[in-house]
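Visitor: Sharing a structure with you now.
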Amino acid sequence: MPSDPLTCTLLRTLAASKPGGQFLELGSGTGLSTAWLLGGMDTSATLTTVDNDASLLNILNRHLGHDARLNVVCADGDEFLCEAQGQRYDFIFADTWSGKYRLLHEALALVKPGGLYVIDDMLPQPNWPDGHAAKVEALLSTLHALPDWHVAQLDWASGVVVAVRIGD
């Protein structure tokens with residue numbers, strides 16, 4: 001499911017706040033959010049985008065693969081997060097279960113102090129499976145209780161959370 005257009009504009013705007021930044025997108029899909037992130041990044045920033053569906057990444061590569069700032073990774077998101085421990089990013093957009101509902105703390109550990117962690121789809125969606133609302137509530141409670149983070153929950157677009165790491 002592609003990201004909401006309003007969320008995409010927010011991603012571009014937030015990306016512009018991290019000149020020279022290292023970005024990570026979990027859940028590339030066909031590259032809609034990827035394109036908006038790239039649109040906000042400066043020429044010295046880099047974006048690694050991860051998805052486990054090669055057919056979707058083929059579409060992304062066809063349209064965005066020419067961008068030297070982009071590193072496209074076809075991998076399981078959980079495995080990527082486990083292997084990435086020790087790396088640090090200025091901005092993570094977690095748009096899949098990996099790094100959001102699974103391995104949240106592993107994803108958060110990758111965010112540099114002053115870095116952003118962004119998720120969407122926190123407002124009820126017609127495609128949510130039974131019981132998903134409880135998962136969303138648990139995730140939001142966990143995020144709001146994090147020490148060393150400022151968390152803003154926006155009941156806007158598809159429901160966006162922007163968190164900033166204030167400690168290490």
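Naming scheme: A, B, ... for chains in displayed order of the structure tokens; residues 1 onward per chain; ligands 1 onward as shown.
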Which residues are close to stretch 30-37 of chain A, i.e. within 8 Å by only C-alpha atoms, leaving aside same-chain residues fewer than 3 positions away? Reply as a PyMOL selection string.
Guide: chain A and resi 2-3+8-9+11-12+15+25+40-41+49+56-60+64
Visitor: If you keep N, CA and C atoms, can you produce a file of those selected residues as an mmCIF file, in the first residue's frame?
Guide:
data_model
loop_
_atom_site.group_PDB
_atom_site.id
_atom_site.type_symbol
_atom_site.label_atom_id
_atom_site.label_comp_id
_atom_site.auth_asym_id
_atom_site.auth_seq_id
_atom_site.Cartn_x
_atom_site.Cartn_y
_atom_site.Cartn_z
ATOM 1 N N PRO A 2 0.755 2.114 -0.972
ATOM 2 C CA PRO A 2 1.610 3.305 -1.025
ATOM 3 C C PRO A 2 1.286 4.289 0.097
ATOM 4 N N SER A 3 2.278 5.086 0.445
ATOM 5 C CA SER A 3 2.086 6.094 1.488
ATOM 6 C C SER A 3 1.132 7.181 1.021
ATOM 7 N N CYS A 8 3.933 11.822 2.291
ATOM 8 C CA CYS A 8 5.081 11.989 1.390
ATOM 9 C C CYS A 8 5.626 13.413 1.433
ATOM 10 N N THR A 9 4.750 14.409 1.468
ATOM 11 C CA THR A 9 5.238 15.790 1.538
ATOM 12 C C THR A 9 5.954 16.047 2.856
ATOM 13 N N LEU A 11 7.600 13.730 4.572
ATOM 14 C CA LEU A 11 8.890 13.050 4.449
ATOM 15 C C LEU A 11 9.900 13.930 3.716
ATOM 16 N N ARG A 12 9.470 14.529 2.610
ATOM 17 C CA ARG A 12 10.368 15.408 1.850
ATOM 18 C C ARG A 12 10.829 16.582 2.709
ATOM 19 N N ALA A 15 13.212 15.372 5.408
ATOM 20 C CA ALA A 15 14.489 14.984 4.799
ATOM 21 C C ALA A 15 15.368 16.206 4.557
ATOM 22 N N GLU A 25 15.137 3.622 4.780
ATOM 23 C CA GLU A 25 13.711 3.374 4.580
ATOM 24 C C GLU A 25 13.494 1.866 4.655
ATOM 25 N N GLY A 40 13.768 15.512 -0.992
ATOM 26 C CA GLY A 40 14.127 16.425 0.092
ATOM 27 C C GLY A 40 15.590 16.392 0.477
ATOM 28 N N MET A 41 16.283 15.342 0.052
ATOM 29 C CA MET A 41 17.691 15.172 0.422
ATOM 30 C C MET A 41 18.595 16.051 -0.431
ATOM 31 N N THR A 49 17.302 1.879 1.024
ATOM 32 C CA THR A 49 15.919 1.449 1.101
ATOM 33 C C THR A 49 15.872 -0.065 1.002
ATOM 34 N N LEU A 56 8.782 -5.548 -6.781
ATOM 35 C CA LEU A 56 8.540 -4.137 -6.459
ATOM 36 C C LEU A 56 9.822 -3.327 -6.596
ATOM 37 N N LEU A 57 10.926 -3.897 -6.169
ATOM 38 C CA LEU A 57 12.204 -3.191 -6.275
ATOM 39 C C LEU A 57 12.630 -3.009 -7.726
ATOM 40 N N ASN A 58 12.216 -3.910 -8.610
ATOM 41 C CA ASN A 58 12.494 -3.717 -10.038
ATOM 42 C C ASN A 58 11.823 -2.457 -10.557
ATOM 43 N N ILE A 59 10.598 -2.206 -10.115
ATOM 44 C CA ILE A 59 9.886 -0.981 -10.504
ATOM 45 C C ILE A 59 10.608 0.232 -9.933
ATOM 46 N N LEU A 60 10.975 0.161 -8.666
ATOM 47 C CA LEU A 60 11.700 1.261 -8.020
ATOM 48 C C LEU A 60 12.995 1.543 -8.771
ATOM 49 N N LEU A 64 14.099 5.041 -10.237
ATOM 50 C CA LEU A 64 14.961 5.802 -9.332
ATOM 51 C C LEU A 64 16.384 5.271 -9.257
#
Visitor: Write out as a PDB file with N, CA, C and O atoms, in the first residue's frame each polymer residue whose atoms come within 10 Å of stretch 45-48 of chain A, counting only C-alpha atoms; drop sequence neighbours fewer than 2 positions from it.
Guide:
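Generated file (around.pdb):
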ATOM      1  N   ALA A  15      13.212  15.372   5.408  1.00  0.00           N
ATOM      2  CA  ALA A  15      14.489  14.984   4.799  1.00  0.00           C
ATOM      3  C   ALA A  15      15.368  16.206   4.557  1.00  0.00           C
ATOM      4  O   ALA A  15      16.589  16.143   4.732  1.00  0.00           O
ATOM      5  N   ALA A  16      14.762  17.311   4.189  1.00  0.00           N
ATOM      6  CA  ALA A  16      15.523  18.535   3.927  1.00  0.00           C
ATOM      7  C   ALA A  16      16.191  19.073   5.192  1.00  0.00           C
ATOM      8  O   ALA A  16      17.145  19.850   5.102  1.00  0.00           O
ATOM      9  N   LYS A  18      17.997  17.374   7.172  1.00  0.00           N
ATOM     10  CA  LYS A  18      19.168  16.554   7.474  1.00  0.00           C
ATOM     11  C   LYS A  18      20.180  16.612   6.324  1.00  0.00           C
ATOM     12  O   LYS A  18      20.449  15.614   5.660  1.00  0.00           O
ATOM     13  N   PRO A  19      20.767  17.792   6.068  1.00  0.00           N
ATOM     14  CA  PRO A  19      21.759  17.873   4.986  1.00  0.00           C
ATOM     15  C   PRO A  19      22.919  16.918   5.234  1.00  0.00           C
ATOM     16  O   PRO A  19      23.402  16.805   6.366  1.00  0.00           O
ATOM     17  N   GLY A  20      23.314  16.204   4.184  1.00  0.00           N
ATOM     18  CA  GLY A  20      24.397  15.243   4.297  1.00  0.00           C
ATOM     19  C   GLY A  20      24.040  14.011   5.105  1.00  0.00           C
ATOM     20  O   GLY A  20      24.912  13.225   5.461  1.00  0.00           O
ATOM     21  N   GLY A  21      22.758  13.844   5.382  1.00  0.00           N
ATOM     22  CA  GLY A  21      22.305  12.772   6.258  1.00  0.00           C
ATOM     23  C   GLY A  21      22.363  11.382   5.655  1.00  0.00           C
ATOM     24  O   GLY A  21      22.407  11.213   4.437  1.00  0.00           O
ATOM     25  N   GLN A  22      22.350  10.417   6.549  1.00  0.00           N
ATOM     26  CA  GLN A  22      22.239   9.019   6.168  1.00  0.00           C
ATOM     27  C   GLN A  22      20.819   8.587   6.507  1.00  0.00           C
ATOM     28  O   GLN A  22      20.401   8.641   7.666  1.00  0.00           O
ATOM     29  N   PHE A  23      20.092   8.147   5.471  1.00  0.00           N
ATOM     30  CA  PHE A  23      18.685   7.810   5.594  1.00  0.00           C
ATOM     31  C   PHE A  23      18.485   6.313   5.417  1.00  0.00           C
ATOM     32  O   PHE A  23      19.191   5.670   4.638  1.00  0.00           O
ATOM     33  N   LEU A  24      17.478   5.773   6.112  1.00  0.00           N
ATOM     34  CA  LEU A  24      17.087   4.375   5.965  1.00  0.00           C
ATOM     35  C   LEU A  24      15.580   4.318   5.818  1.00  0.00           C
ATOM     36  O   LEU A  24      14.852   4.911   6.620  1.00  0.00           O
ATOM     37  N   GLU A  25      15.137   3.622   4.780  1.00  0.00           N
ATOM     38  CA  GLU A  25      13.711   3.374   4.580  1.00  0.00           C
ATOM     39  C   GLU A  25      13.494   1.866   4.655  1.00  0.00           C
ATOM     40  O   GLU A  25      14.132   1.103   3.932  1.00  0.00           O
ATOM     41  N   LEU A  26      12.605   1.451   5.529  1.00  0.00           N
ATOM     42  CA  LEU A  26      12.247   0.047   5.660  1.00  0.00           C
ATOM     43  C   LEU A  26      10.874  -0.137   5.033  1.00  0.00           C
ATOM     44  O   LEU A  26       9.885   0.417   5.517  1.00  0.00           O
ATOM     45  N   SER A  28      10.305  -0.441   0.977  1.00  0.00           N
ATOM     46  CA  SER A  28      10.427   0.408  -0.209  1.00  0.00           C
ATOM     47  C   SER A  28       9.180   0.416  -1.072  1.00  0.00           C
ATOM     48  O   SER A  28       8.822   1.444  -1.645  1.00  0.00           O
ATOM     49  N   THR A  34      10.233   6.629  -1.367  1.00  0.00           N
ATOM     50  CA  THR A  34      11.642   6.770  -1.720  1.00  0.00           C
ATOM     51  C   THR A  34      11.853   8.028  -2.557  1.00  0.00           C
ATOM     52  O   THR A  34      12.777   8.808  -2.308  1.00  0.00           O
ATOM     53  N   LEU A  37      11.533  11.105  -0.352  1.00  0.00           N
ATOM     54  CA  LEU A  37      12.714  11.275   0.490  1.00  0.00           C
ATOM     55  C   LEU A  37      13.874  11.830  -0.326  1.00  0.00           C
ATOM     56  O   LEU A  37      14.534  12.791   0.083  1.00  0.00           O
ATOM     57  N   LEU A  38      14.121  11.228  -1.486  1.00  0.00           N
ATOM     58  CA  LEU A  38      15.190  11.721  -2.358  1.00  0.00           C
ATOM     59  C   LEU A  38      14.957  13.179  -2.745  1.00  0.00           C
ATOM     60  O   LEU A  38      15.900  13.962  -2.848  1.00  0.00           O
ATOM     61  N   GLY A  40      13.768  15.512  -0.992  1.00  0.00           N
ATOM     62  CA  GLY A  40      14.127  16.425   0.092  1.00  0.00           C
ATOM     63  C   GLY A  40      15.590  16.392   0.477  1.00  0.00           C
ATOM     64  O   GLY A  40      16.088  17.295   1.139  1.00  0.00           O
ATOM     65  N   MET A  41      16.283  15.342   0.052  1.00  0.00           N
ATOM     66  CA  MET A  41      17.691  15.172   0.422  1.00  0.00           C
ATOM     67  C   MET A  41      18.595  16.051  -0.431  1.00  0.00           C
ATOM     68  O   MET A  41      18.302  16.297  -1.594  1.00  0.00           O
ATOM     69  N   ASP A  42      19.706  16.479   0.162  1.00  0.00           N
ATOM     70  CA  ASP A  42      20.688  17.214  -0.629  1.00  0.00           C
ATOM     71  C   ASP A  42      21.605  16.232  -1.355  1.00  0.00           C
ATOM     72  O   ASP A  42      21.482  15.017  -1.203  1.00  0.00           O
ATOM     73  N   THR A  43      22.536  16.763  -2.122  1.00  0.00           N
ATOM     74  CA  THR A  43      23.365  15.919  -2.979  1.00  0.00           C
ATOM     75  C   THR A  43      24.375  15.080  -2.211  1.00  0.00           C
ATOM     76  O   THR A  43      24.889  14.093  -2.749  1.00  0.00           O
ATOM     77  N   VAL A  50      15.049  -0.683   1.851  1.00  0.00           N
ATOM     78  CA  VAL A  50      15.039  -2.131   2.013  1.00  0.00           C
ATOM     79  C   VAL A  50      13.636  -2.674   1.797  1.00  0.00           C
ATOM     80  O   VAL A  50      12.662  -2.156   2.368  1.00  0.00           O
ATOM     81  N   ASP A  67      19.817   7.270  -9.430  1.00  0.00           N
ATOM     82  CA  ASP A  67      20.228   8.246  -8.419  1.00  0.00           C
ATOM     83  C   ASP A  67      21.379   7.672  -7.591  1.00  0.00           C
ATOM     84  O   ASP A  67      21.216   6.675  -6.880  1.00  0.00           O
ATOM     85  N   ALA A  68      22.540   8.293  -7.683  1.00  0.00           N
ATOM     86  CA  ALA A  68      23.744   7.796  -6.998  1.00  0.00           C
ATOM     87  C   ALA A  68      23.623   7.842  -5.478  1.00  0.00           C
ATOM     88  O   ALA A  68      24.390   7.173  -4.776  1.00  0.00           O
ATOM     89  N   ARG A  69      22.674   8.608  -4.947  1.00  0.00           N
ATOM     90  CA  ARG A  69      22.497   8.690  -3.493  1.00  0.00           C
ATOM     91  C   ARG A  69      21.762   7.476  -2.940  1.00  0.00           C
ATOM     92  O   ARG A  69      21.684   7.291  -1.731  1.00  0.00           O
ATOM     93  N   LEU A  70      21.201   6.649  -3.826  1.00  0.00           N
ATOM     94  CA  LEU A  70      20.294   5.568  -3.436  1.00  0.00           C
ATOM     95  C   LEU A  70      20.989   4.212  -3.449  1.00  0.00           C
ATOM     96  O   LEU A  70      21.650   3.849  -4.416  1.00  0.00           O
ATOM     97  N   ASN A  71      20.801   3.464  -2.373  1.00  0.00           N
ATOM     98  CA  ASN A  71      21.260   2.081  -2.263  1.00  0.00           C
ATOM     99  C   ASN A  71      20.018   1.220  -2.029  1.00  0.00           C
ATOM    100  O   ASN A  71      19.369   1.339  -0.987  1.00  0.00           O
ATOM    101  N   VAL A  72      19.674   0.385  -3.001  1.00  0.00           N
ATOM    102  CA  VAL A  72      18.488  -0.466  -2.927  1.00  0.00           C
ATOM    103  C   VAL A  72      18.913  -1.854  -2.464  1.00  0.00           C
ATOM    104  O   VAL A  72      19.792  -2.471  -3.067  1.00  0.00           O
ATOM    105  N   VAL A  73      18.279  -2.337  -1.400  1.00  0.00           N
ATOM    106  CA  VAL A  73      18.635  -3.624  -0.812  1.00  0.00           C
ATOM    107  C   VAL A  73      17.405  -4.528  -0.839  1.00  0.00           C
ATOM    108  O   VAL A  73      16.360  -4.177  -0.282  1.00  0.00           O
ATOM    109  N   TYR A  89      21.944   6.132  11.687  1.00  0.00           N
ATOM    110  CA  TYR A  89      21.247   6.885  10.652  1.00  0.00           C
ATOM    111  C   TYR A  89      20.702   8.180  11.243  1.00  0.00           C
ATOM    112  O   TYR A  89      20.333   8.250  12.415  1.00  0.00           O
ATOM    113  N   ASP A  90      20.604   9.177  10.375  1.00  0.00           N
ATOM    114  CA  ASP A  90      20.019  10.459  10.769  1.00  0.00           C
ATOM    115  C   ASP A  90      18.498  10.436  10.663  1.00  0.00           C
ATOM    116  O   ASP A  90      17.829  11.273  11.269  1.00  0.00           O
ATOM    117  N   PHE A  91      17.970   9.484   9.899  1.00  0.00           N
ATOM    118  CA  PHE A  91      16.532   9.473   9.597  1.00  0.00           C
ATOM    119  C   PHE A  91      16.151   8.045   9.225  1.00  0.00           C
ATOM    120  O   PHE A  91      16.758   7.451   8.343  1.00  0.00           O
ATOM    121  N   ILE A  92      15.152   7.511   9.918  1.00  0.00           N
ATOM    122  CA  ILE A  92      14.593   6.205   9.552  1.00  0.00           C
ATOM    123  C   ILE A  92      13.098   6.370   9.330  1.00  0.00           C
ATOM    124  O   ILE A  92      12.385   6.902  10.191  1.00  0.00           O
TER     125      ILE A  92
END
Visitor: Write out as an MDAnalysis selection string all residues of stretch 27-96 of chain A that backbone DSSP assigns to alpha helix (DSSP H).
Guide: chainID A and resid 32:40 54:64 77:83
Visitor: Find the residues near stretch 118-123 of chain A: any atom within 8 Å, counting only C-alpha atoms, skip ones fewer than 2 places away on the same chain, and give them as a list in words.
Guide: Ser3, Thr7, Phe91, Ile92, Phe93, Ala94, Asp95, Lys100, Leu116, Gln125, Val136, Asp155, Ser158, Gly159, Val160, Val161, Val162 and Ala163 of chain A
Visitor: Only N, CA and C atoms, please: the residues just picked out, written as a short mmCIF file (atom, residue, chain, number, x, y, z; two decimals), in the first residue's frame.
Guide:
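Below you can see again34.cif, which holds the result:
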data_model
loop_
_atom_site.label_atom_id
_atom_site.label_comp_id
_atom_site.auth_asym_id
_atom_site.auth_seq_id
_atom_site.Cartn_x
_atom_site.Cartn_y
_atom_site.Cartn_z
N SER A 3 2.28 5.09 0.44
CA SER A 3 2.09 6.09 1.49
C SER A 3 1.13 7.18 1.02
N THR A 7 1.66 12.41 3.74
CA THR A 7 2.82 11.85 4.43
C THR A 7 4.07 12.03 3.59
N PHE A 91 17.97 9.48 9.90
CA PHE A 91 16.53 9.47 9.60
C PHE A 91 16.15 8.05 9.23
N ILE A 92 15.15 7.51 9.92
CA ILE A 92 14.59 6.20 9.55
C ILE A 92 13.10 6.37 9.33
N PHE A 93 12.65 5.92 8.16
CA PHE A 93 11.22 5.82 7.87
C PHE A 93 10.89 4.34 7.85
N ALA A 94 10.15 3.87 8.85
CA ALA A 94 9.77 2.46 8.96
C ALA A 94 8.35 2.32 8.44
N ASP A 95 8.24 1.81 7.24
CA ASP A 95 6.94 1.71 6.56
C ASP A 95 6.56 0.24 6.33
N LYS A 100 8.97 -1.49 13.06
CA LYS A 100 7.77 -0.83 13.59
C LYS A 100 7.10 -1.76 14.58
N LEU A 116 15.82 11.36 13.37
CA LEU A 116 14.36 11.19 13.30
C LEU A 116 13.99 9.73 13.03
N GLN A 125 -7.16 2.04 9.21
CA GLN A 125 -7.10 1.87 7.76
C GLN A 125 -8.07 0.75 7.37
N VAL A 136 -1.43 -1.32 17.12
CA VAL A 136 -1.13 0.10 16.95
C VAL A 136 -1.10 0.79 18.31
N ASP A 155 -2.48 13.12 14.28
CA ASP A 155 -3.71 12.53 13.75
C ASP A 155 -4.06 13.24 12.45
N SER A 158 -2.44 9.61 7.20
CA SER A 158 -2.80 8.25 7.62
C SER A 158 -2.48 8.01 9.10
N GLY A 159 -2.04 9.07 9.78
CA GLY A 159 -1.62 8.95 11.17
C GLY A 159 -0.11 8.78 11.19
N VAL A 160 0.60 9.85 11.52
CA VAL A 160 2.05 9.88 11.43
C VAL A 160 2.63 10.09 12.83
N VAL A 161 3.73 9.42 13.09
CA VAL A 161 4.50 9.66 14.31
C VAL A 161 5.89 10.11 13.88
N VAL A 162 6.34 11.21 14.48
CA VAL A 162 7.70 11.71 14.27
C VAL A 162 8.35 11.72 15.66
N ALA A 163 9.44 10.98 15.76
CA ALA A 163 10.16 10.91 17.04
C ALA A 163 11.60 11.38 16.81
#
Visitor: Rank nothing, just name the residue among A:Ala54, A:Arg102, A:Leu108, A:Leu10 nearest to A:Leu143, using only C-alpha atoms.
Guide: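 Answer, going by the shortest atom-to-atom distance: A:Leu108.
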Visitor: Please indicate the distance in Å from atom CA of A:Ala157 to atom CA of A:Pro5, rounded to one decimal place.
Guide: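 Going from atom CA of A:Ala157 over to atom CA of A:Pro5, I get 8.0 Å.
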Visitor: Quick one: residues within 10 Å of A:Ser55, only C-alpha atoms, excluding same-chain residues fewer than 6 positions away - as a list in words?
Guide: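 Those residues are Gly29, Thr30, Asn61 and Cys74 of chain A.
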Visitor: Between A:Leu6, A:His66, A:His150, A:Asp78, which one has atoms that come closest to A:Gly114, using only C-alpha atoms?
Guide: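 Closest to A:Gly114, using only C-alpha atoms: A:His150.
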Visitor: Hey, can you check how far atom CA of A:Gly86 sits from atom CA of A:Leu110?
Guide: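 Atom-to-atom, atom CA of A:Gly86 and atom CA of A:Leu110 are spaced 7.0 Å apart.
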Visitor: In Å, with one decimal, what is the gap from atom CA of A:Ala145 to atom CA of A:Gly115?
Guide: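 According to the coordinates, atom CA of A:Ala145 and atom CA of A:Gly115 are separated by 17.7 Å.
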Visitor: Residues near A:Arg88, anyone? I mean within 9 Å using only C-alpha atoms, not counting same-chain ones fewer than 3 positions away, as number ranges by chain.
Guide: A: 22, 84-85, 109-112
Visitor: Would you export the selected residues with N, CA and C atoms as a CSV table (one decimal), in the first residue's frame, please?
Guide:
chain,number,residue,atom,x,y,z
A,22,GLN,N,22.4,10.4,6.5
A,22,GLN,CA,22.2,9.0,6.2
A,22,GLN,C,20.8,8.6,6.5
A,84,ALA,N,22.4,-4.7,10.8
A,84,ALA,CA,22.8,-3.3,10.8
A,84,ALA,C,23.2,-2.7,12.1
A,85,GLN,N,23.0,-3.5,13.2
A,85,GLN,CA,23.3,-3.0,14.5
A,85,GLN,C,24.8,-2.5,14.6
A,109,ALA,N,17.7,1.9,17.9
A,109,ALA,CA,19.1,1.9,18.3
A,109,ALA,C,20.0,2.4,17.1
A,110,LEU,N,19.4,2.4,15.9
A,110,LEU,CA,20.2,2.8,14.7
A,110,LEU,C,20.1,4.3,14.5
A,111,VAL,N,19.2,5.0,15.3
A,111,VAL,CA,19.0,6.5,15.1
A,111,VAL,C,20.1,7.2,15.9
A,112,LYS,N,20.8,8.1,15.2
A,112,LYS,CA,21.7,9.0,15.8
A,112,LYS,C,21.0,10.0,16.8
Visitor: May I have all residues of stretch 10-40 of chain A that DSSP, computed from the backbone, assigns to strand (DSSP E or B), given as a PDB file with N, CA and C atoms, in the first residue's frame?
Guide:
ATOM      1  N   GLN A  22      22.350  10.417   6.549  1.00  0.00           N
ATOM      2  CA  GLN A  22      22.239   9.019   6.168  1.00  0.00           C
ATOM      3  C   GLN A  22      20.819   8.587   6.507  1.00  0.00           C
ATOM      4  N   PHE A  23      20.092   8.147   5.471  1.00  0.00           N
ATOM      5  CA  PHE A  23      18.685   7.810   5.594  1.00  0.00           C
ATOM      6  C   PHE A  23      18.485   6.313   5.417  1.00  0.00           C
ATOM      7  N   LEU A  24      17.478   5.773   6.112  1.00  0.00           N
ATOM      8  CA  LEU A  24      17.087   4.375   5.965  1.00  0.00           C
ATOM      9  C   LEU A  24      15.580   4.318   5.818  1.00  0.00           C
ATOM     10  N   GLU A  25      15.137   3.622   4.780  1.00  0.00           N
ATOM     11  CA  GLU A  25      13.711   3.374   4.580  1.00  0.00           C
ATOM     12  C   GLU A  25      13.494   1.866   4.655  1.00  0.00           C
ATOM     13  N   LEU A  26      12.605   1.451   5.529  1.00  0.00           N
ATOM     14  CA  LEU A  26      12.247   0.047   5.660  1.00  0.00           C
ATOM     15  C   LEU A  26      10.874  -0.137   5.033  1.00  0.00           C
TER      16      LEU A  26
END
